[in-house]
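Asks: Provided herewith is a single structure, encoded as structure tokens, for subsequent inquiry.
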Amino acid sequence: MTDLFAPGMTVRVKAGETPGHVRTPYYLRGQTGQVQRLLGTFPNPEDCAVHKSGLPAKRLYQVLFPVHAVFPGQAVAAADDTILADIYEHWLEPATVDAGETTAL
Amino acid sequence: MTTAHRHDRTHAHAATADHAPPGHEWEFLEIALRELLIEKRVLTAAAIQARIDAVEGATPIQGSRVVARAWVDPAYKARLLADGNAAVAELGYGFDGPKLVALENTPARHHMVVCTLCSCYPKPLLGLSPAWYKSREYRSRAVSEPRAVLAEFGTVLPEDVELRVVDSTADCRYLIIPLRPVGTEGWTETRLVDLVTRDSMIGVAPARTPQTDHGTDV
């Protein structure tokens, strides 16, 4: 299994909506974070929820986001407080893509 | 006390509504499946009830024992951080299905777990989650204003400590290893277990300190 996103890489969570059982929280969509590690591969929960196999399994990454960037203005947090979330590979893209061109699902 | 009486009546009505007969197709499906399994002698009603009792009666003790072992045994802690499922299996605890990820609090970084999407929780180790963990308020505010939420639990974090909120969004369950309290040097593993509270393993509070430990082993 090749790794798509190496630890330390800056990635963006894809924006937009898709119906069904999605494990990517709305508040992180379109946000930029840093890959911490690959957690492994798991059957795609979006497919499993509709009685499909979820295969091929999807890579799941721990991604770190700064709280102050995700919740500007309303965060009662020190500057370097962070949110660590588990995001599937098909919701991530390299952050070299311009924010305006964020890939829709 | 007319007002109080009315108040009580309102609650009585709400409780009655909660125990209304099944109305949703999934509830009928559950009843039909359960009755068939019993009728076909696959399961007994007693076995089902025993399982319900086990789930509802589970406490965070297994999680506390895992953390206490990690505190006294650095090699075990390293294995726990590397592979949570394998490390808890060493102590005889099953954690099937989701991947168990342990994260360690340090003097420079504090972790706090939430599941903003639903209520994912390491039940095999901690038992059923507390009601507040499943509340909409905790699930939203834990990410948007985490320090304020922590303060409401009585946990005021110094500004120079990074607060890392862990959103348990997918196929992993998180166990926090709280800081070992000062003043517990030389304590036995068994004695340390009592200091490891449920809330400290979710990360909304530190472990008990010896001063606040009201255990018997003093």
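Ligands are numbered from 1 in the order shown, residues from 1 within each chain, and chains are lettered A, B, ... in the order they appear in the structure tokens.
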Mind the document's chain letters and residue numbers, and return as a list in words the residues of chain A that DSSP labels alpha helix (DSSP H).

Replies: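 Checking each residue of chain A, the alpha helix (DSSP H) ones are Pro45, Glu46, Asp47, Cys48, Val67, His68, Ala69 and Val70 of chain A.
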
Asks: Using the selection just defined, write its residues with N, CA, C and O atoms as a PDB file, in the first residue's frame.

Replies:
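Listed below is the output, part20.pdb:
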```
ATOM      1  N   PRO A  45     -16.915   3.902   4.992  1.00  0.00           N
ATOM      2  CA  PRO A  45     -18.175   3.911   5.738  1.00  0.00           C
ATOM      3  C   PRO A  45     -19.352   4.433   4.925  1.00  0.00           C
ATOM      4  O   PRO A  45     -20.506   4.086   5.195  1.00  0.00           O
ATOM      5  N   GLU A  46     -19.054   5.255   3.914  1.00  0.00           N
ATOM      6  CA  GLU A  46     -20.141   5.800   3.087  1.00  0.00           C
ATOM      7  C   GLU A  46     -20.801   4.684   2.275  1.00  0.00           C
ATOM      8  O   GLU A  46     -21.999   4.724   2.013  1.00  0.00           O
ATOM      9  N   ASP A  47     -20.003   3.681   1.872  1.00  0.00           N
ATOM     10  CA  ASP A  47     -20.547   2.531   1.139  1.00  0.00           C
ATOM     11  C   ASP A  47     -21.162   1.511   2.095  1.00  0.00           C
ATOM     12  O   ASP A  47     -22.217   0.946   1.825  1.00  0.00           O
ATOM     13  N   CYS A  48     -20.480   1.290   3.235  1.00  0.00           N
ATOM     14  CA  CYS A  48     -20.985   0.298   4.200  1.00  0.00           C
ATOM     15  C   CYS A  48     -22.398   0.674   4.666  1.00  0.00           C
ATOM     16  O   CYS A  48     -23.231  -0.196   4.922  1.00  0.00           O
ATOM     17  N   VAL A  67      -7.146  25.491  15.892  1.00  0.00           N
ATOM     18  CA  VAL A  67      -8.495  25.889  16.309  1.00  0.00           C
ATOM     19  C   VAL A  67      -8.812  27.298  15.816  1.00  0.00           C
ATOM     20  O   VAL A  67      -9.911  27.572  15.323  1.00  0.00           O
ATOM     21  N   HIS A  68      -7.822  28.207  15.923  1.00  0.00           N
ATOM     22  CA  HIS A  68      -8.115  29.604  15.597  1.00  0.00           C
ATOM     23  C   HIS A  68      -8.413  29.802  14.119  1.00  0.00           C
ATOM     24  O   HIS A  68      -9.057  30.765  13.745  1.00  0.00           O
ATOM     25  N   ALA A  69      -7.947  28.895  13.258  1.00  0.00           N
ATOM     26  CA  ALA A  69      -8.241  29.021  11.830  1.00  0.00           C
ATOM     27  C   ALA A  69      -9.615  28.443  11.508  1.00  0.00           C
ATOM     28  O   ALA A  69     -10.326  28.937  10.641  1.00  0.00           O
ATOM     29  N   VAL A  70      -9.978  27.385  12.209  1.00  0.00           N
ATOM     30  CA  VAL A  70     -11.257  26.727  11.931  1.00  0.00           C
ATOM     31  C   VAL A  70     -12.419  27.548  12.508  1.00  0.00           C
ATOM     32  O   VAL A  70     -13.485  27.643  11.909  1.00  0.00           O
TER      33      VAL A  70
END
```

Asks: Write out as a ChimeraX atom specification every residue belonging to chain B that has an atom at most 10 Å from any atom of chain A, counting only C-alpha atoms.

Replies: /B:98-99,101,109-118,140-149,157-172

Asks: For Trp71 of chain B, list every protein, DNA or RNA residue within 12 Å, evaluated using only C-alpha atoms, and leave out those in the same chain fewer than 4 positions away; present the list as a ChimeraX atom specification.

Replies: /B:64-67,75-78,80,104-105,177-182,184-193,195-196,207

Asks: How many Å lie between atom CA of Val42 of chain B and atom CA of Phe28 of chain B, rounded to one decimal?

Replies: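 The value is 19.2 Å.
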